[in-house]
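S.K.: Take a look at work_27.cif, mmCIF, C-alpha atoms:
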```
data_structure
loop_
_atom_site.label_atom_id
_atom_site.label_comp_id
_atom_site.auth_asym_id
_atom_site.auth_seq_id
_atom_site.Cartn_x
_atom_site.Cartn_y
_atom_site.Cartn_z
CA MET A 626 -41.60 -0.62 -22.58
CA LEU A 627 -42.65 1.42 -25.63
CA LEU A 628 -40.13 2.24 -28.38
CA GLN A 629 -41.52 5.78 -28.48
CA ASP A 630 -40.65 6.15 -24.78
CA LEU A 631 -37.07 5.13 -25.53
CA GLU A 632 -36.89 7.71 -28.31
CA VAL A 633 -37.93 10.33 -25.77
CA ILE A 634 -35.25 9.13 -23.34
CA LEU A 635 -32.55 9.45 -26.00
CA LYS A 636 -33.66 12.95 -26.97
CA VAL A 637 -33.76 14.08 -23.34
CA ALA A 638 -30.23 12.71 -22.89
CA GLU A 639 -29.10 14.49 -26.08
CA PHE A 640 -30.57 17.88 -25.22
CA ARG A 641 -30.26 17.60 -21.42
CA SER A 642 -33.77 19.01 -21.38
CA ILE A 643 -37.26 17.49 -21.40
CA THR A 644 -38.63 20.72 -22.88
CA LEU A 645 -36.21 20.74 -25.85
CA ALA A 646 -36.72 17.03 -26.41
CA ALA A 647 -40.50 17.51 -26.49
CA THR A 648 -40.14 20.40 -28.95
CA HIS A 649 -37.96 18.36 -31.28
CA LEU A 650 -40.32 15.37 -31.12
CA ASP A 651 -43.36 17.62 -31.57
CA MET A 652 -45.11 16.52 -28.39
CA ARG A 653 -46.32 18.11 -25.19
CA ILE A 654 -43.82 18.51 -22.36
CA ALA A 655 -46.12 16.54 -20.06
CA THR A 656 -46.17 13.65 -22.56
CA ALA A 657 -42.36 13.58 -22.74
CA SER A 658 -42.07 13.77 -18.97
CA ALA A 659 -44.49 10.87 -18.57
CA ALA A 660 -42.42 8.79 -21.01
CA VAL A 661 -39.29 9.38 -18.94
CA LYS A 662 -41.11 8.32 -15.77
CA ARG A 663 -42.42 5.13 -17.43
CA VAL A 664 -38.94 4.04 -18.55
CA GLU A 665 -37.41 4.80 -15.16
CA ALA A 666 -40.21 2.90 -13.42
CA SER A 667 -39.68 -0.08 -15.72
CA LEU A 668 -35.94 -0.12 -15.04
CA GLY A 669 -36.30 0.61 -11.34
CA VAL A 670 -33.64 3.35 -11.47
CA GLU A 671 -33.45 7.06 -12.20
CA LEU A 672 -31.73 7.85 -15.50
CA PHE A 673 -31.54 11.61 -14.91
CA ILE A 674 -30.64 13.81 -11.99
CA ARG A 675 -32.92 16.84 -12.05
CA THR A 676 -32.26 20.19 -10.37
CA THR A 677 -33.97 23.54 -10.78
CA ARG A 678 -31.23 24.65 -13.17
CA GLN A 679 -30.17 21.58 -15.10
CA LEU A 680 -30.76 17.96 -15.99
CA ARG A 681 -27.89 15.49 -16.22
CA LEU A 682 -27.40 11.75 -16.54
CA SER A 683 -27.27 9.68 -13.39
CA PRO A 684 -24.60 6.95 -13.07
CA ALA A 685 -27.24 4.45 -14.21
CA GLY A 686 -28.10 6.71 -17.13
CA GLU A 687 -24.43 6.93 -18.12
CA HIS A 688 -24.41 3.15 -18.56
CA TYR A 689 -27.90 2.70 -19.99
CA ILE A 690 -28.14 5.47 -22.59
CA PRO A 691 -25.25 4.35 -24.89
CA GLN A 692 -26.58 0.76 -24.98
CA CYS A 693 -30.12 1.99 -25.56
CA GLU A 694 -28.87 4.19 -28.39
CA GLN A 695 -27.12 1.26 -30.08
CA ALA A 696 -30.21 -0.90 -29.75
CA MET A 697 -32.43 1.78 -31.27
CA LEU A 698 -30.00 2.23 -34.18
CA ILE A 699 -30.13 -1.49 -34.90
CA LEU A 700 -33.94 -1.48 -34.84
CA LYS A 701 -34.15 1.60 -37.08
CA SER A 702 -31.63 0.11 -39.51
CA ALA A 703 -33.59 -3.15 -39.68
CA LYS A 704 -36.83 -1.27 -40.29
CA GLN A 705 -35.22 0.88 -42.97
CA ASN A 706 -33.73 -2.16 -44.73
CA VAL A 707 -37.13 -3.88 -44.84
CA ARG A 708 -38.78 -0.76 -46.24
CA GLU A 709 -36.08 -0.38 -48.89
CA ASP A 710 -36.49 -4.02 -49.92
CA LEU A 711 -40.26 -3.55 -50.21
CA GLY A 712 -40.02 -0.13 -51.84
CA ILE A 713 -42.16 1.48 -49.12
CA ILE A 714 -42.30 5.27 -49.37
CA ASP A 715 -44.11 6.87 -46.44
CA GLY A 716 -43.61 9.00 -43.35
CA GLU A 717 -43.45 12.73 -42.73
CA ILE A 718 -41.11 15.09 -44.54
CA ARG A 719 -40.12 17.80 -42.04
CA ILE A 720 -38.06 20.16 -44.14
CA ALA A 721 -36.65 23.67 -43.76
CA LEU A 722 -36.72 25.85 -46.88
CA SER A 723 -35.51 29.36 -47.64
CA SER A 724 -38.25 31.93 -48.22
CA ASP A 725 -37.95 32.61 -51.95
CA LEU A 726 -36.85 29.17 -53.18
CA GLY A 727 -39.24 27.38 -50.84
CA ARG A 728 -42.37 29.43 -51.34
CA ASN A 729 -42.16 29.96 -55.09
CA ILE A 730 -40.26 26.96 -56.46
CA VAL A 731 -39.97 24.00 -54.10
CA ILE A 732 -43.38 23.93 -52.41
CA PRO A 733 -45.17 23.28 -55.76
CA TRP A 734 -42.67 20.47 -56.38
CA LEU A 735 -43.36 18.97 -52.96
CA ASP A 736 -47.10 19.17 -53.61
CA ASP A 737 -46.54 17.09 -56.74
CA PHE A 738 -44.28 14.69 -54.80
CA LEU A 739 -47.02 14.11 -52.21
CA GLU A 740 -49.56 13.51 -54.95
CA GLN A 741 -47.29 10.81 -56.38
CA HIS A 742 -46.73 9.29 -52.92
CA PRO A 743 -49.98 9.65 -50.93
CA LYS A 744 -48.55 7.93 -47.81
CA VAL A 745 -46.05 10.79 -47.39
CA SER A 746 -46.97 13.93 -45.44
CA LEU A 747 -45.24 17.31 -45.35
CA ARG A 748 -44.32 19.82 -42.66
CA ALA A 749 -42.46 22.77 -44.14
CA SER A 750 -40.60 25.49 -42.25
CA VAL A 751 -40.11 28.47 -44.59
CA SER A 752 -37.58 31.02 -43.38
CA ASP A 753 -34.24 32.53 -44.34
CA ARG A 754 -32.78 32.11 -40.85
CA ASN A 755 -30.23 29.40 -40.19
CA ILE A 756 -31.80 26.16 -38.98
CA ASP A 757 -30.55 24.38 -35.86
CA PHE A 758 -31.39 20.68 -36.21
CA TYR A 759 -31.13 20.23 -32.46
CA HIS A 760 -33.67 22.89 -31.57
CA ASP A 761 -35.99 23.10 -34.59
CA SER A 762 -38.52 20.42 -35.45
CA VAL A 763 -37.06 19.53 -38.86
CA ASP A 764 -35.35 16.44 -40.21
CA MET A 765 -33.75 17.98 -43.29
CA ALA A 766 -32.97 21.35 -44.85
CA LEU A 767 -32.72 22.40 -48.48
CA ARG A 768 -30.30 25.28 -48.56
CA TYR A 769 -27.70 27.10 -50.61
CA GLY A 770 -24.01 26.50 -49.96
CA SER A 771 -22.14 23.27 -49.26
CA PRO A 772 -22.34 22.13 -45.62
CA SER A 773 -19.46 23.17 -43.38
CA GLU A 774 -20.59 21.23 -40.30
CA ALA A 775 -18.70 17.98 -39.76
CA ASN A 776 -21.63 16.29 -38.04
CA VAL A 777 -24.22 16.57 -40.83
CA TYR A 778 -24.84 14.53 -43.96
CA GLY A 779 -25.76 16.07 -47.26
CA PHE A 780 -26.49 15.50 -50.90
CA LYS A 781 -25.61 18.05 -53.55
CA ILE A 782 -28.69 18.72 -55.65
CA CYS A 783 -27.18 21.03 -58.27
CA THR A 784 -24.85 23.89 -59.08
CA VAL A 785 -26.76 27.19 -59.05
CA PRO A 786 -25.49 30.17 -61.08
CA ARG A 787 -26.43 33.61 -59.81
CA VAL A 788 -27.80 36.30 -62.11
CA LEU A 789 -27.77 40.08 -62.08
CA CYS A 790 -31.24 41.08 -63.14
CA ALA A 791 -33.81 43.85 -63.39
CA SER A 792 -37.28 44.31 -64.84
CA PRO A 793 -37.74 45.68 -68.38
CA GLU A 794 -39.57 48.67 -66.87
CA TYR A 795 -36.62 49.56 -64.64
CA LEU A 796 -34.13 49.27 -67.51
CA ASP A 797 -36.33 51.36 -69.83
CA LYS A 798 -36.44 54.09 -67.20
CA HIS A 799 -32.87 54.02 -65.90
CA GLY A 800 -30.86 52.42 -68.70
CA THR A 801 -29.00 49.10 -68.83
CA PRO A 802 -25.59 49.01 -67.09
CA LEU A 803 -22.77 47.47 -69.08
CA THR A 804 -19.83 47.86 -66.69
CA LEU A 805 -19.23 47.93 -62.95
CA GLU A 806 -18.92 51.71 -63.17
CA ASP A 807 -22.36 51.85 -64.75
CA LEU A 808 -23.73 49.53 -62.09
CA SER A 809 -22.59 51.80 -59.26
CA ASP A 810 -25.03 54.46 -60.50
CA HIS A 811 -28.04 52.14 -60.11
CA ASN A 812 -30.29 51.28 -57.18
CA ALA A 813 -29.27 47.94 -55.67
CA LEU A 814 -31.87 45.78 -53.96
CA LEU A 815 -29.98 44.32 -51.03
CA TYR A 816 -30.34 41.09 -49.09
CA GLN A 817 -29.65 40.89 -45.37
CA LEU A 818 -28.72 37.71 -43.50
CA ASP A 819 -27.88 37.53 -39.79
CA ARG A 820 -27.93 41.34 -39.61
CA LEU A 821 -25.28 41.56 -42.35
CA ILE A 822 -26.33 43.47 -45.47
CA HIS A 823 -24.81 41.91 -48.59
CA ASP A 824 -23.91 45.13 -50.39
CA GLU A 825 -20.60 43.92 -51.85
CA TRP A 826 -21.22 41.96 -55.04
CA VAL A 827 -18.55 39.76 -56.61
CA PHE A 828 -18.15 38.99 -60.32
CA THR A 829 -15.65 37.30 -62.64
CA ASN A 830 -14.70 39.02 -65.88
CA ASN A 831 -12.10 37.59 -68.29
CA GLY A 832 -10.75 35.43 -65.48
CA ASN A 833 -10.42 38.34 -63.07
CA LEU A 834 -12.29 38.70 -59.79
CA ASN A 835 -14.14 41.98 -59.41
CA LYS A 836 -15.84 43.34 -56.28
CA ILE A 837 -18.10 46.35 -56.05
CA LYS A 838 -19.83 47.89 -53.04
CA LEU A 839 -23.28 49.16 -53.93
CA LYS A 840 -25.95 51.38 -52.44
CA GLY A 841 -29.70 51.00 -52.50
CA ASN A 842 -32.84 52.33 -50.87
CA ARG A 843 -34.23 48.87 -50.01
CA ALA A 844 -32.83 45.93 -48.03
CA SER A 845 -34.56 42.91 -46.48
CA ASP A 846 -33.81 39.66 -44.66
CA ASP A 847 -36.55 38.05 -46.77
CA ALA A 848 -35.17 36.94 -50.15
CA ASP A 849 -38.68 36.65 -51.57
CA LEU A 850 -39.26 40.35 -50.87
CA VAL A 851 -36.04 41.25 -52.72
CA ARG A 852 -37.31 39.27 -55.71
CA ARG A 853 -40.68 41.04 -55.58
CA TRP A 854 -38.99 44.45 -55.51
CA CYS A 855 -36.94 43.46 -58.55
CA VAL A 856 -40.00 42.30 -60.51
CA ALA A 857 -41.79 45.52 -59.53
CA GLY A 858 -39.08 47.59 -61.21
CA LEU A 859 -37.60 49.13 -58.07
CA GLY A 860 -33.95 48.29 -58.71
CA ILE A 861 -31.34 45.72 -59.70
CA ALA A 862 -30.91 42.46 -57.78
CA LEU A 863 -28.22 39.79 -57.54
CA LYS A 864 -30.14 36.55 -57.11
CA SER A 865 -30.03 32.79 -57.50
CA SER A 866 -31.05 31.86 -61.04
CA LEU A 867 -33.22 29.14 -59.51
CA ASP A 868 -35.10 31.66 -57.34
CA MET A 869 -35.62 33.88 -60.38
CA SER A 870 -36.24 31.09 -62.90
CA LYS A 871 -39.99 31.67 -63.38
CA ASP A 872 -39.52 35.42 -63.77
CA LEU A 873 -36.60 34.95 -66.16
CA LEU A 874 -38.54 32.47 -68.30
CA ASN A 875 -41.62 34.70 -68.32
CA ASP A 876 -39.58 37.84 -69.15
CA ASN A 877 -40.63 39.54 -65.91
CA VAL A 878 -36.93 40.25 -65.38
CA ILE A 879 -33.91 40.28 -67.67
CA SER A 880 -30.41 38.98 -66.95
CA ILE A 881 -27.94 41.81 -67.59
CA MET A 882 -24.17 42.45 -67.85
CA ALA A 883 -23.39 39.06 -69.43
CA ASP A 884 -19.65 39.86 -69.45
CA TYR A 885 -19.68 39.92 -65.64
CA GLN A 886 -20.53 36.53 -64.14
CA PRO A 887 -21.65 36.56 -60.48
CA ILE A 888 -20.04 33.97 -58.23
CA GLY A 889 -22.38 30.96 -58.15
CA THR A 890 -23.44 28.65 -55.34
CA GLU A 891 -24.73 25.10 -54.81
CA LEU A 892 -28.01 23.66 -53.56
CA TRP A 893 -27.75 20.92 -50.93
CA LEU A 894 -30.21 18.68 -49.10
CA ILE A 895 -28.87 18.40 -45.55
CA CYS A 896 -29.74 15.79 -42.90
CA PRO A 897 -28.56 15.79 -39.27
CA SER A 898 -27.48 12.13 -39.20
CA ARG A 899 -26.98 9.07 -41.37
CA GLN A 900 -29.94 7.41 -39.66
CA SER A 901 -32.25 10.18 -40.88
CA ILE A 902 -31.53 9.30 -44.53
CA THR A 903 -34.57 7.14 -45.27
CA PRO A 904 -35.80 5.73 -48.61
CA THR A 905 -38.19 8.69 -48.74
CA VAL A 906 -35.29 11.13 -48.34
CA ARG A 907 -33.34 9.43 -51.12
CA LEU A 908 -36.34 9.49 -53.42
CA LEU A 909 -36.90 13.18 -52.61
CA ARG A 910 -33.22 13.87 -53.36
CA ASP A 911 -33.53 12.27 -56.80
CA TYR A 912 -36.78 14.10 -57.44
CA LEU A 913 -35.24 17.48 -56.58
CA ARG A 914 -32.29 16.76 -58.85
CA ALA A 915 -34.63 15.98 -61.74
CA GLN A 916 -36.74 19.11 -61.15
CA THR A 917 -33.76 21.47 -60.97
CA LYS A 918 -32.22 19.86 -64.04
CA ASP A 919 -35.42 20.57 -65.98
CA VAL A 920 -35.47 24.22 -64.86
CA PHE A 921 -31.85 24.81 -65.84
CA SER A 922 -32.36 23.08 -69.21
CA ARG A 923 -35.10 25.60 -70.00
CA LEU A 924 -32.91 28.52 -68.89
CA VAL A 925 -30.11 27.25 -71.15
CA ASP A 926 -32.51 26.73 -74.08
CA LYS A 927 -33.65 30.34 -73.73
CA GLY A 928 -30.05 31.59 -73.66
CA ILE A 929 -30.28 32.96 -70.11
CA LEU A 930 -27.61 30.53 -68.87
CA THR A 931 -24.92 28.53 -70.63
CA ALA A 932 -24.21 24.86 -70.01
CA ASP A 933 -20.72 25.56 -68.63
CA MET A 934 -22.26 27.62 -65.79
CA LEU A 935 -23.85 24.45 -64.41
CA LYS A 936 -20.65 22.43 -64.02
#
```
Can you dump the structure from the file as structure tokens?

M.R.:
Amino acid sequence: MLLQDLEVILKVAEFRSITLAATHLDMRIATASAAVKRVEASLGVELFIRTTRQLRLSPAGEHYIPQCEQAMLILKSAKQNVREDLGIIDGEIRIALSSDLGRNIVIPWLDDFLEQHPKVSLRASVSDRNIDFYHDSVDMALRYGSPSEANVYGFKICTVPRVLCASPEYLDKHGTPLTLEDLSDHNALLYQLDRLIHDEWVFTNNGNLNKIKLKGNRASDDADLVRRWCVAGLGIALKSSLDMSKDLLNDNVISIMADYQPIGTELWLICPSRQSITPTVRLLRDYLRAQTKDVFSRLVDKGILTADMLK
């Protein structure tokens, strides 16, 4: 009996679907179906009861699957312990990244990471939509905001201040806002997530929380497009300082209204289970922490951020 066949069995039991299990394991449906048949033939029992509408565990499956799962966990743990002892860094990184951060900041870092560790391969999913670990073929996600799900495991990479910014060309043409009242007269470049347009921006000023609802002639569910509009001088954007770091350091955009600090966020590396946290994942976590620390150090040195914003 092949270990890969048992992995298929466990995924089919988890998803109650051969199709979803095959998608998650990145294999053809026919291959997954054949694996199920091989295991059932080896055991001499049917593990699943199949109908036209659903797939469920048989009585034999109800007894077999939990024991199989425990056995697989023991084998994976033993393999992981050996690799950690030997310092082996390999395998495939299947990671979900947001559009702007992923495309412009993290992908070049991952290219460098792969060059340092040639036995590691990469499969990147770049999108601003929310990732479902149980339906998407990814093993980890790098995303803003601390995880709210109780069944995931995560590592905080860094605190990420947000910045209100615009290009020098836009400010020369339209003036630089100094107050929220000034800001309301400007064109806001708006981000949309899950059909919700984020047109209410929140700031702190002298310890007070301030909210302002803005209008703009451009909105997108692609954060990278919002950044491009900002660099092109088409309006003012409220963005992650990490997303905008290259443009801020190269003076393509300028951070404005220093007296009004946008509410910040955090960057987290999220994994769906403890078993998915491999030596490669831990090394990647440390690498991402070092890279973001370097970026923020340069932003502080240039006076764009202050050290207290990163706490």

S.K.: Name the residues that the PyMOL selection byres ((chain A and resi 819-827) around 9) picks from the file above, as a PyMOL selection string, using the file's chain letters and numbers.

M.R.: chain A and resi 754-755+813-818+828-829+834-841+844-846+863+886-888

S.K.: Check the smallest atom-to-atom distance from each of A:Ser642, A:Asn877, A:Ser866, A:Ser723 to Ser752 (chain A) using all atoms listed in the file, then report the winner.

M.R.: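 Among the listed residues, A:Ser723 lies closest to Ser752 (chain A).
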
S.K.: Have a look at CA of Ile714 (chain A) and CA of Pro904 (chain A) and let me know their distance in Å, one decimal.

M.R.: 6.6 Å

S.K.: Check which residues of region 857-920 of chain A sit at most 8 Å from region 768-791 of chain A using all atoms listed in the file, and return one row each with the closest pair of atoms and their distance in Å to one decimal, ordered by chain and rising number, as CSV.

M.R.:
```
residue,atom,partner,partner_atom,distance
A:Gly858,CA,A:Ala791,CA,6.8
A:Gly860,CA,A:Ala791,CA,6.5
A:Ile861,CA,A:Ala791,CA,4.8
A:Ala862,CA,A:Cys790,CA,5.5
A:Leu863,CA,A:Leu789,CA,4.6
A:Lys864,CA,A:Arg787,CA,5.4
A:Ser865,CA,A:Arg787,CA,4.4
A:Ser866,CA,A:Arg787,CA,5.1
A:Leu867,CA,A:Val785,CA,6.8
A:Val878,CA,A:Ala791,CA,5.2
A:Ile879,CA,A:Cys790,CA,5.3
A:Ser880,CA,A:Cys790,CA,4.4
A:Ile881,CA,A:Cys790,CA,5.6
A:Met882,CA,A:Leu789,CA,7.2
A:Gln886,CA,A:Val788,CA,7.6
A:Pro887,CA,A:Arg787,CA,5.7
A:Ile888,CA,A:Arg787,CA,6.6
A:Gly889,CA,A:Pro786,CA,4.3
A:Thr890,CA,A:Val785,CA,5.2
A:Glu891,CA,A:Thr784,CA,4.4
A:Leu892,CA,A:Tyr769,CA,4.5
A:Trp893,CA,A:Lys781,CA,4.4
A:Leu894,CA,A:Phe780,CA,5.2
A:Ile895,CA,A:Gly779,CA,4.2
A:Cys896,CA,A:Tyr778,CA,5.2
A:Pro897,CA,A:Val777,CA,4.7
A:Ser898,CA,A:Val777,CA,5.7
A:Arg899,CA,A:Tyr778,CA,6.4
A:Arg910,CA,A:Ile782,CA,7.0
A:Leu913,CA,A:Ile782,CA,6.7
A:Arg914,CA,A:Ile782,CA,5.2
A:Thr917,CA,A:Cys783,CA,7.1
A:Lys918,CA,A:Cys783,CA,7.8
```

S.K.: Do you have the CA of Leu635 (chain A)-CA of Ala703 (chain A) distance handy?

M.R.: 18.6 Å

S.K.: Nearest to Ser746 (chain A) among A:Asn831, A:Ser658, A:Ser809, A:Thr905, with distances taken over only C-alpha atoms: which residue is it?

M.R.: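 Distance minimum relative to Ser746 (chain A) lands on A:Thr905.
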
S.K.: Would you write out, as a tab-separated table (two decimals) with C-alpha atoms, in the coordinates of the input, every residue that the PyMOL selection byres ((chain A and resi 764) around 9) captures in this file?

M.R.:
```tsv
chain	number	residue	atom	x	y	z
A	718	ILE	CA	-41.11	15.09	-44.54
A	719	ARG	CA	-40.12	17.80	-42.04
A	720	ILE	CA	-38.06	20.16	-44.14
A	721	ALA	CA	-36.65	23.67	-43.76
A	758	PHE	CA	-31.39	20.68	-36.21
A	761	ASP	CA	-35.99	23.10	-34.59
A	762	SER	CA	-38.52	20.42	-35.45
A	763	VAL	CA	-37.06	19.53	-38.86
A	765	MET	CA	-33.75	17.98	-43.29
A	766	ALA	CA	-32.97	21.35	-44.85
A	895	ILE	CA	-28.87	18.40	-45.55
A	896	CYS	CA	-29.74	15.79	-42.90
A	897	PRO	CA	-28.56	15.79	-39.27
A	901	SER	CA	-32.25	10.18	-40.88
```

S.K.: Mind giving me the straight-line distance from CA of Leu698 (chain A) to CA of Ala655 (chain A) in Å, one decimal?

M.R.: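 Here the two named atoms are 25.8 Å from each other.
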